[in-house]
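Report on the structure given below.
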Amino acid sequence: MAKDPVKPNVVVIYLDDLGYGDLSSYGATEISTPNIDVLANEGVKFTNGYATSATCTPSRYGLLTGVYPWRNPKAKILPGSAPLIITTEQETLPKVFKKAGYQTAIVGKWHLGLGAGNVNWNQHITPGPNEVGFEEAYILAATQDRVPTVYIDNGYVDGLDPKDPISVSYKKNFEGEPTGKDNPELTTLKWHHGHNNSIVNGIPRIGYMKGGEAAKWTDTDMADHFLKKAQTYVREHKNKPFFLYYALQQPHVPRTPHPRFVGKSGMGPRGDVILEADYVIGEFMKTLEKEGVLENTLIVFSSDNGPVLQDGYYDDAMEKIGDHTPAGKLRGGKYSLFDGGTRVPFMVYWKGIIKPKVSEALVCQVDLVASMADLIGVEADKTDSENILSAFLGKSKKGRKELVLEAGSKTSYRAGDWVMIPPYKGAKMSWHSFVESGINQEFQLYNLEKDPGELNNLAKSEPKKLQKMLTKFESIRGK
Ligand code: NG6
Ligand code: CA
């Protein structure tokens with residue numbers, strides 16, 4: 001426990017599907033992200049920073065609970081109708097902050113389930129973020145490509161007309177409602193795989209929805225909408241310490257840049273929404289400054305999983321990628337056991353307090369629970385969360401020694417510079433998303449320091465190392 005805990009505001013800015021190589025501060029040359037780069041170049045920029053998982057729900061579970069998501073079989077990509085998977089008894093990051101008297105809020109993507117089953121979207125939707133530690137919650141329930149396509153304001157659908165109630169189903173369509181599958185003429189964005197159920201704003205989605213016309217969001221101003229909510233929160237809560245989890249939806253599909261960003265990246269909508277995310281983060285930073293709290297605010301920036309180009313719509317992401325490498329030097333991407341699935345941009349910025357540096361320390365989002373607790377001087381239940389506050393603040397080169405990573409319920413084990421992927425059955429390549437899964441029926445062992453692209457499998461030539469890693473992995477993961 002720190003002797004004299006300080007209580008800066010803490011903001012976690014979390015992107016959706018942003019890869020290790022998607023920022024200019026992480027080596028991208030084909031796209032420029034000047035505002036996010038400030039956080040990286042003037043804070044601690046981690047080169048071994050990890051999400052717990054290669055998909056969204058499990059990573060968010062790890063970030064918010066400090067527990068490895070593979071311990072909870074429900075922590076898989078959830079439909080928009082799924083019940084809440086964090087129990088109201090569980091430790092959470094916002095609860096840690098509340099113990100120290102902080103105000104707490106989430107703005108943005110939730111994707112951890114809502115309600116206790118069979119949610120009625122026309123009434124108070126509970127339990128949800130408000131019941132697991134967030135005093136204020138303005139969210140999108142699951143993903144931008146899943147119904148219900150409405151914002152939820154502290155448990156109530158924002159702008160709902162009671163005369164036009166919402167129904168949601170992930171099993172069957174509502175009679176007479178058009179779908180992407182049957183009514184392609186009504187779509188402005190074409191589906192590639194999945195994404196052929198209800199059509200909202202010309203975009204075919206996952207899941208069926210009826211009603212709630214007035215409450216439906218506008219896809220193209222989602223970034224601006226969440227930005228305004230985050231800015232308003234800062235303005236209204238700046239006089240007491242706050243924790244804000246600002247979870248942007250970019251660059252997840254459907255990629256719907258506001259018209260002011262359309263065509264700006266030359267890389268199609270995926271590049272354009274990365275520029276849009278950079279813009280809103282810049283605006284958010286200006287608000288912190290204008291409201292006089294920038295120097296008393298610690299900002300953590302990261303992403304929930306690695307990059308994917310083709311994730312369900314024909315949106316030119318693959319066609320216009322040019323020389324850009326979204327996962328940088330890493331192999332694989334979203335959904336992958338290779339490092340591109342989970343190693344993501346990760347930085348900690350605190351103006352005037354943290355000295356700029358590049359850190360090779362091994363850090364994971366699951367560690368924020370224990371580390372933030374230490375920063376603000378409270379205790380936290382920590383299952384898998386390690387207190388590596390000194391690494392986060394750039395004061396120590398040491399992060400965690402080992403880490404279990406997850407992709408589609410399969411796990412791998414990183415220790416020091418080494419990573420071991422045990423044998424699994426399954427396809428080596430996702431033929432709809434064109435991402436390498438990292439699955440192999442043989443053991444894989446890579447030295448990431450020498451071989452960040454995981455091309456040289458040392459499992460056969462380093463049997464002792466392999467055995468040691470396997471034993472440690474099994475002691476954590478179970479056989
Ligand atoms: C997949 C979707 C994908 C994306 C992902 C969730 C299909 C075929 N694919 O099931 O488009 O929505 O779920 O992404 O439906 S995540 O970043 O929220 O985990
Ligand atoms: Ca994601």
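The way I read the labels, and the way they are meant: chains A, B, ... in the order of the structure tokens, residue 1 as the first residue of every chain, and ligand 1 as the first ligand shown, with later ones counted on from there.
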At a cut-off of 10 Å, using only C-alpha atoms, what residues contact A:Thr297? Leave out same-chain residues fewer than 4 positions from it and give the result as a PDB file with N, CA, C and O atoms, in the first residue's frame.
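In the end it all went to out03.pdb:
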```
ATOM      1  N   LYS A   7      -5.073  11.003  -4.810  1.00  0.00           N
ATOM      2  CA  LYS A   7      -6.351  10.673  -5.436  1.00  0.00           C
ATOM      3  C   LYS A   7      -6.575  11.473  -6.716  1.00  0.00           C
ATOM      4  O   LYS A   7      -7.401  12.377  -6.746  1.00  0.00           O
ATOM      5  N   PRO A   8      -5.820  11.111  -7.751  1.00  0.00           N
ATOM      6  CA  PRO A   8      -6.091  11.784  -9.020  1.00  0.00           C
ATOM      7  C   PRO A   8      -7.402  11.253  -9.593  1.00  0.00           C
ATOM      8  O   PRO A   8      -7.837  10.160  -9.246  1.00  0.00           O
ATOM      9  N   ASN A   9      -7.996  12.005 -10.482  1.00  0.00           N
ATOM     10  CA  ASN A   9      -9.078  11.409 -11.276  1.00  0.00           C
ATOM     11  C   ASN A   9      -8.430  10.339 -12.114  1.00  0.00           C
ATOM     12  O   ASN A   9      -7.262  10.446 -12.488  1.00  0.00           O
ATOM     13  N   VAL A  10      -9.192   9.297 -12.422  1.00  0.00           N
ATOM     14  CA  VAL A  10      -8.661   8.248 -13.292  1.00  0.00           C
ATOM     15  C   VAL A  10      -9.646   8.048 -14.442  1.00  0.00           C
ATOM     16  O   VAL A  10     -10.849   7.907 -14.218  1.00  0.00           O
ATOM     17  N   VAL A  11      -9.111   8.085 -15.661  1.00  0.00           N
ATOM     18  CA  VAL A  11      -9.940   7.830 -16.838  1.00  0.00           C
ATOM     19  C   VAL A  11      -9.329   6.649 -17.582  1.00  0.00           C
ATOM     20  O   VAL A  11      -8.129   6.658 -17.881  1.00  0.00           O
ATOM     21  N   PRO A 241     -12.865  13.745  -6.744  1.00  0.00           N
ATOM     22  CA  PRO A 241     -12.225  12.727  -7.601  1.00  0.00           C
ATOM     23  C   PRO A 241     -13.236  11.837  -8.317  1.00  0.00           C
ATOM     24  O   PRO A 241     -14.252  11.452  -7.733  1.00  0.00           O
ATOM     25  N   PHE A 242     -12.954  11.560  -9.569  1.00  0.00           N
ATOM     26  CA  PHE A 242     -13.843  10.668 -10.317  1.00  0.00           C
ATOM     27  C   PHE A 242     -13.054   9.610 -11.061  1.00  0.00           C
ATOM     28  O   PHE A 242     -11.886   9.797 -11.390  1.00  0.00           O
ATOM     29  N   PHE A 243     -13.748   8.490 -11.301  1.00  0.00           N
ATOM     30  CA  PHE A 243     -13.232   7.440 -12.177  1.00  0.00           C
ATOM     31  C   PHE A 243     -14.196   7.345 -13.345  1.00  0.00           C
ATOM     32  O   PHE A 243     -15.392   7.103 -13.160  1.00  0.00           O
ATOM     33  N   LEU A 288     -10.567  18.213 -20.356  1.00  0.00           N
ATOM     34  CA  LEU A 288      -9.881  18.039 -19.066  1.00  0.00           C
ATOM     35  C   LEU A 288      -9.043  19.288 -18.767  1.00  0.00           C
ATOM     36  O   LEU A 288      -9.016  19.789 -17.646  1.00  0.00           O
ATOM     37  N   GLU A 289      -8.391  19.794 -19.795  1.00  0.00           N
ATOM     38  CA  GLU A 289      -7.519  20.957 -19.611  1.00  0.00           C
ATOM     39  C   GLU A 289      -8.354  22.198 -19.268  1.00  0.00           C
ATOM     40  O   GLU A 289      -8.058  22.915 -18.313  1.00  0.00           O
ATOM     41  N   GLY A 292      -9.617  22.449 -15.939  1.00  0.00           N
ATOM     42  CA  GLY A 292      -8.580  22.569 -14.915  1.00  0.00           C
ATOM     43  C   GLY A 292      -8.232  21.274 -14.201  1.00  0.00           C
ATOM     44  O   GLY A 292      -7.675  21.295 -13.096  1.00  0.00           O
ATOM     45  N   VAL A 293      -8.538  20.127 -14.814  1.00  0.00           N
ATOM     46  CA  VAL A 293      -8.249  18.866 -14.119  1.00  0.00           C
ATOM     47  C   VAL A 293      -7.215  17.988 -14.827  1.00  0.00           C
ATOM     48  O   VAL A 293      -6.874  16.913 -14.333  1.00  0.00           O
ATOM     49  N   TYR A 349      -0.782   7.847 -18.788  1.00  0.00           N
ATOM     50  CA  TYR A 349      -0.382   9.251 -18.922  1.00  0.00           C
ATOM     51  C   TYR A 349      -0.869  10.023 -17.709  1.00  0.00           C
ATOM     52  O   TYR A 349      -2.005   9.849 -17.261  1.00  0.00           O
ATOM     53  N   TRP A 350       0.025  10.835 -17.163  1.00  0.00           N
ATOM     54  CA  TRP A 350      -0.398  11.694 -16.058  1.00  0.00           C
ATOM     55  C   TRP A 350       0.468  12.934 -16.151  1.00  0.00           C
ATOM     56  O   TRP A 350       1.637  12.910 -15.786  1.00  0.00           O
ATOM     57  N   LYS A 351      -0.123  13.951 -16.681  1.00  0.00           N
ATOM     58  CA  LYS A 351       0.644  15.155 -17.001  1.00  0.00           C
ATOM     59  C   LYS A 351       1.375  15.694 -15.769  1.00  0.00           C
ATOM     60  O   LYS A 351       0.773  15.884 -14.722  1.00  0.00           O
ATOM     61  N   ILE A 353       3.354  14.365 -13.773  1.00  0.00           N
ATOM     62  CA  ILE A 353       3.733  13.398 -12.740  1.00  0.00           C
ATOM     63  C   ILE A 353       4.517  12.241 -13.367  1.00  0.00           C
ATOM     64  O   ILE A 353       5.593  11.875 -12.896  1.00  0.00           O
TER      65      ILE A 353
END
```
Could you list, as a list in words, every residue within 8 Å of A:Asp221, counting only C-alpha atoms and ignoring same-chain residues fewer than 3 positions away?
Thr218, Asp224, His225, Pro257 and His258 of chain A
What residues of the protein or nucleic acid chains come within 7 Å of ligand 1 when you use only C-alpha atoms and all ligand atoms? Reply as JSON, numbers by chain.
{"A": [16, 17, 55, 56, 57, 77, 143, 145, 193, 194, 195, 206, 252, 253, 305, 311, 312]}
Okay, now the selection with C-alpha atoms, as a PDB file, in the first residue's frame?
```pdb
ATOM      1  CA  ASP A  16     -12.639  -1.675 -29.519  1.00  0.00           C
ATOM      2  CA  ASP A  17     -10.513  -3.826 -31.870  1.00  0.00           C
ATOM      3  CA  THR A  55     -12.328 -10.697 -27.945  1.00  0.00           C
ATOM      4  CA  CYS A  56     -14.390  -8.069 -26.251  1.00  0.00           C
ATOM      5  CA  THR A  57     -16.565  -9.508 -23.492  1.00  0.00           C
ATOM      6  CA  ILE A  77     -18.822 -12.804 -26.857  1.00  0.00           C
ATOM      7  CA  THR A 143     -21.808  -3.942 -29.773  1.00  0.00           C
ATOM      8  CA  ASP A 145     -23.475  -4.426 -34.806  1.00  0.00           C
ATOM      9  CA  HIS A 193     -20.839 -13.053 -42.864  1.00  0.00           C
ATOM     10  CA  GLY A 194     -23.356 -13.005 -40.016  1.00  0.00           C
ATOM     11  CA  HIS A 195     -24.983  -9.565 -39.742  1.00  0.00           C
ATOM     12  CA  ILE A 206     -26.902  -9.346 -35.464  1.00  0.00           C
ATOM     13  CA  HIS A 252     -15.301  -2.197 -34.413  1.00  0.00           C
ATOM     14  CA  VAL A 253     -17.826  -2.929 -37.157  1.00  0.00           C
ATOM     15  CA  ASN A 305      -8.395  -7.001 -28.439  1.00  0.00           C
ATOM     16  CA  ASP A 311     -15.430  -8.680 -39.430  1.00  0.00           C
ATOM     17  CA  GLY A 312     -18.730  -9.102 -41.201  1.00  0.00           C
TER      18      GLY A 312
END
```
Write out as a PyMOL selection string which residues come within 10 Å of A:Ala223 when counting only C-alpha atoms, dropping same-chain ones fewer than 5 positions away.
chain A and resi 108+228+248-250+256-258+273+276-277+279-281
Could you please write out, as a PyMOL selection string, every residue of stretch 12-107 of chain A that DSSP assigns to alpha helix (DSSP H)?
chain A and resi 34-41+56-65+93-99
Apply DSSP to the structure's backbone, then extract all residues of stretch 48-287 of chain A labelled strand (DSSP E) and return them as an MDAnalysis selection string.
chainID A and resid 48:50 103:109 136:140 151:153 156:157 167:169 199:200 203:204 208:210 242:247
Could you turn the residues from that selection into a file that holds N, CA and C atoms, as a JSON list (two decimals), in the first residue's frame?
```
[["chain", "number", "residue", "atom", "x", "y", "z"],
["A", 48, "ASN", "N", 4.75, -4.24, -24.09],
["A", 48, "ASN", "CA", 4.26, -5.57, -23.73],
["A", 48, "ASN", "C", 3.00, -5.45, -22.89],
["A", 49, "GLY", "N", 2.05, -4.68, -23.42],
["A", 49, "GLY", "CA", 0.79, -4.46, -22.70],
["A", 49, "GLY", "C", -0.29, -5.34, -23.31],
["A", 50, "TYR", "N", -1.05, -6.00, -22.46],
["A", 50, "TYR", "CA", -2.01, -7.00, -22.93],
["A", 50, "TYR", "C", -3.43, -6.77, -22.42],
["A", 103, "GLN", "N", -16.29, 9.32, -7.30],
["A", 103, "GLN", "CA", -17.49, 9.24, -8.13],
["A", 103, "GLN", "C", -17.11, 8.33, -9.31],
["A", 104, "THR", "N", -18.06, 7.55, -9.80],
["A", 104, "THR", "CA", -17.71, 6.56, -10.84],
["A", 104, "THR", "C", -18.70, 6.60, -12.00],
["A", 105, "ALA", "N", -18.19, 6.39, -13.20],
["A", 105, "ALA", "CA", -19.08, 6.42, -14.37],
["A", 105, "ALA", "C", -18.52, 5.61, -15.53],
["A", 106, "ILE", "N", -19.45, 5.12, -16.34],
["A", 106, "ILE", "CA", -19.08, 4.53, -17.63],
["A", 106, "ILE", "C", -19.83, 5.29, -18.72],
["A", 107, "VAL", "N", -19.10, 5.58, -19.79],
["A", 107, "VAL", "CA", -19.72, 6.11, -21.01],
["A", 107, "VAL", "C", -19.22, 5.23, -22.14],
["A", 108, "GLY", "N", -20.13, 4.60, -22.89],
["A", 108, "GLY", "CA", -19.71, 3.85, -24.06],
["A", 108, "GLY", "C", -20.16, 2.40, -24.05],
["A", 109, "LYS", "N", -19.30, 1.57, -24.65],
["A", 109, "LYS", "CA", -19.67, 0.18, -24.87],
["A", 109, "LYS", "C", -19.59, -0.65, -23.58],
["A", 136, "GLU", "N", -22.93, 6.29, -12.48],
["A", 136, "GLU", "CA", -23.55, 6.82, -13.69],
["A", 136, "GLU", "C", -23.19, 5.88, -14.83],
["A", 137, "ALA", "N", -24.14, 5.58, -15.70],
["A", 137, "ALA", "CA", -23.85, 4.67, -16.80],
["A", 137, "ALA", "C", -24.64, 5.07, -18.03],
["A", 138, "TYR", "N", -23.92, 5.47, -19.06],
["A", 138, "TYR", "CA", -24.56, 5.79, -20.34],
["A", 138, "TYR", "C", -23.91, 4.88, -21.37],
["A", 139, "ILE", "N", -24.64, 3.87, -21.80],
["A", 139, "ILE", "CA", -23.98, 2.78, -22.53],
["A", 139, "ILE", "C", -24.71, 2.37, -23.81],
["A", 140, "LEU", "N", -23.95, 1.66, -24.64],
["A", 140, "LEU", "CA", -24.58, 0.81, -25.65],
["A", 140, "LEU", "C", -24.45, -0.60, -25.10],
["A", 151, "TYR", "N", -29.30, 3.63, -26.96],
["A", 151, "TYR", "CA", -28.46, 3.93, -25.80],
["A", 151, "TYR", "C", -29.25, 3.67, -24.53],
["A", 152, "ILE", "N", -28.55, 3.29, -23.49],
["A", 152, "ILE", "CA", -29.20, 3.04, -22.21],
["A", 152, "ILE", "C", -28.61, 3.97, -21.15],
["A", 153, "ASP", "N", -29.51, 4.76, -20.58],
["A", 153, "ASP", "CA", -29.12, 5.81, -19.65],
["A", 153, "ASP", "C", -29.51, 5.37, -18.24],
["A", 156, "TYR", "N", -32.31, 2.87, -18.31],
["A", 156, "TYR", "CA", -33.51, 3.15, -19.11],
["A", 156, "TYR", "C", -33.10, 3.48, -20.55],
["A", 157, "VAL", "N", -33.81, 2.91, -21.51],
["A", 157, "VAL", "CA", -33.53, 3.21, -22.92],
["A", 157, "VAL", "C", -33.75, 4.71, -23.15],
["A", 167, "SER", "N", -38.94, -4.73, -28.70],
["A", 167, "SER", "CA", -38.79, -6.17, -28.47],
["A", 167, "SER", "C", -37.48, -6.60, -29.13],
["A", 168, "VAL", "N", -36.79, -7.50, -28.47],
["A", 168, "VAL", "CA", -35.50, -7.99, -28.98],
["A", 168, "VAL", "C", -35.50, -9.51, -28.93],
["A", 169, "SER", "N", -34.99, -10.12, -29.98],
["A", 169, "SER", "CA", -34.83, -11.58, -29.96],
["A", 169, "SER", "C", -33.56, -11.95, -30.72],
["A", 199, "ILE", "N", -32.54, -4.72, -39.86],
["A", 199, "ILE", "CA", -31.84, -3.61, -40.51],
["A", 199, "ILE", "C", -32.15, -2.32, -39.74],
["A", 200, "VAL", "N", -31.11, -1.65, -39.29],
["A", 200, "VAL", "CA", -31.30, -0.36, -38.63],
["A", 200, "VAL", "C", -30.41, 0.66, -39.32],
["A", 203, "ILE", "N", -28.24, -0.55, -42.00],
["A", 203, "ILE", "CA", -27.18, -1.51, -41.65],
["A", 203, "ILE", "C", -27.80, -2.79, -41.08],
["A", 204, "PRO", "N", -27.57, -3.91, -41.74],
["A", 204, "PRO", "CA", -28.09, -5.16, -41.18],
["A", 204, "PRO", "C", -27.27, -5.56, -39.94],
["A", 208, "TYR", "N", -32.56, -9.64, -33.78],
["A", 208, "TYR", "CA", -33.79, -9.05, -34.29],
["A", 208, "TYR", "C", -34.35, -8.06, -33.27],
["A", 209, "MET", "N", -34.89, -6.99, -33.82],
["A", 209, "MET", "CA", -35.44, -5.95, -32.95],
["A", 209, "MET", "C", -36.66, -5.35, -33.62],
["A", 210, "LYS", "N", -37.62, -4.99, -32.79],
["A", 210, "LYS", "CA", -38.83, -4.35, -33.30],
["A", 210, "LYS", "C", -39.18, -3.18, -32.38],
["A", 242, "PHE", "N", -12.95, 11.56, -9.57],
["A", 242, "PHE", "CA", -13.84, 10.67, -10.32],
["A", 242, "PHE", "C", -13.05, 9.61, -11.06],
["A", 243, "PHE", "N", -13.75, 8.49, -11.30],
["A", 243, "PHE", "CA", -13.23, 7.44, -12.18],
["A", 243, "PHE", "C", -14.20, 7.34, -13.35],
["A", 244, "LEU", "N", -13.68, 7.54, -14.54],
["A", 244, "LEU", "CA", -14.52, 7.45, -15.74],
["A", 244, "LEU", "C", -13.96, 6.38, -16.67],
["A", 245, "TYR", "N", -14.81, 5.44, -17.01],
["A", 245, "TYR", "CA", -14.46, 4.40, -17.99],
["A", 245, "TYR", "C", -15.12, 4.84, -19.29],
["A", 246, "TYR", "N", -14.28, 5.30, -20.21],
["A", 246, "TYR", "CA", -14.76, 5.87, -21.48],
["A", 246, "TYR", "C", -14.43, 4.83, -22.56],
["A", 247, "ALA", "N", -15.48, 4.07, -22.94],
["A", 247, "ALA", "CA", -15.28, 2.92, -23.82],
["A", 247, "ALA", "C", -15.80, 3.23, -25.22]]
```
Residues within 10 Å of A:Gly322, only C-alpha atoms, excluding chain neighbours under 5 positions, as a ChimeraX atom specification
/A:30,266-267,317
Report as a VMD selection string all protein, DNA and RNA residues lying within 9 Å of A:Val38, evaluated on only C-alpha atoms, omitting residues in the same chain fewer than 4 positions from it.
chain A and resid 25 33 to 34 42 to 43 349
Export of prior selection with C-alpha atoms as a PDB file, in the first residue's frame:
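selection15.pdb, written as the output of this step:
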```
ATOM      1  CA  SER A  25       3.038   6.254 -31.784  1.00  0.00           C
ATOM      2  CA  THR A  33      -3.082   9.654 -34.579  1.00  0.00           C
ATOM      3  CA  PRO A  34      -1.599  12.822 -33.036  1.00  0.00           C
ATOM      4  CA  GLU A  42       4.290  11.905 -23.004  1.00  0.00           C
ATOM      5  CA  GLY A  43       3.313   9.004 -20.782  1.00  0.00           C
ATOM      6  CA  TYR A 349      -0.382   9.251 -18.922  1.00  0.00           C
TER       7      TYR A 349
END
```
Long-range neighbours of A:Asn387 as a list in words, 10 Å cut-off, only C-alpha atoms, 6 positions minimum in chain:
Met1, Val366, Asp367, Leu368, Val369, Ala370, Ser371, Met372, Ala373, Asp374, Leu375, Gly399 and Arg400 of chain A
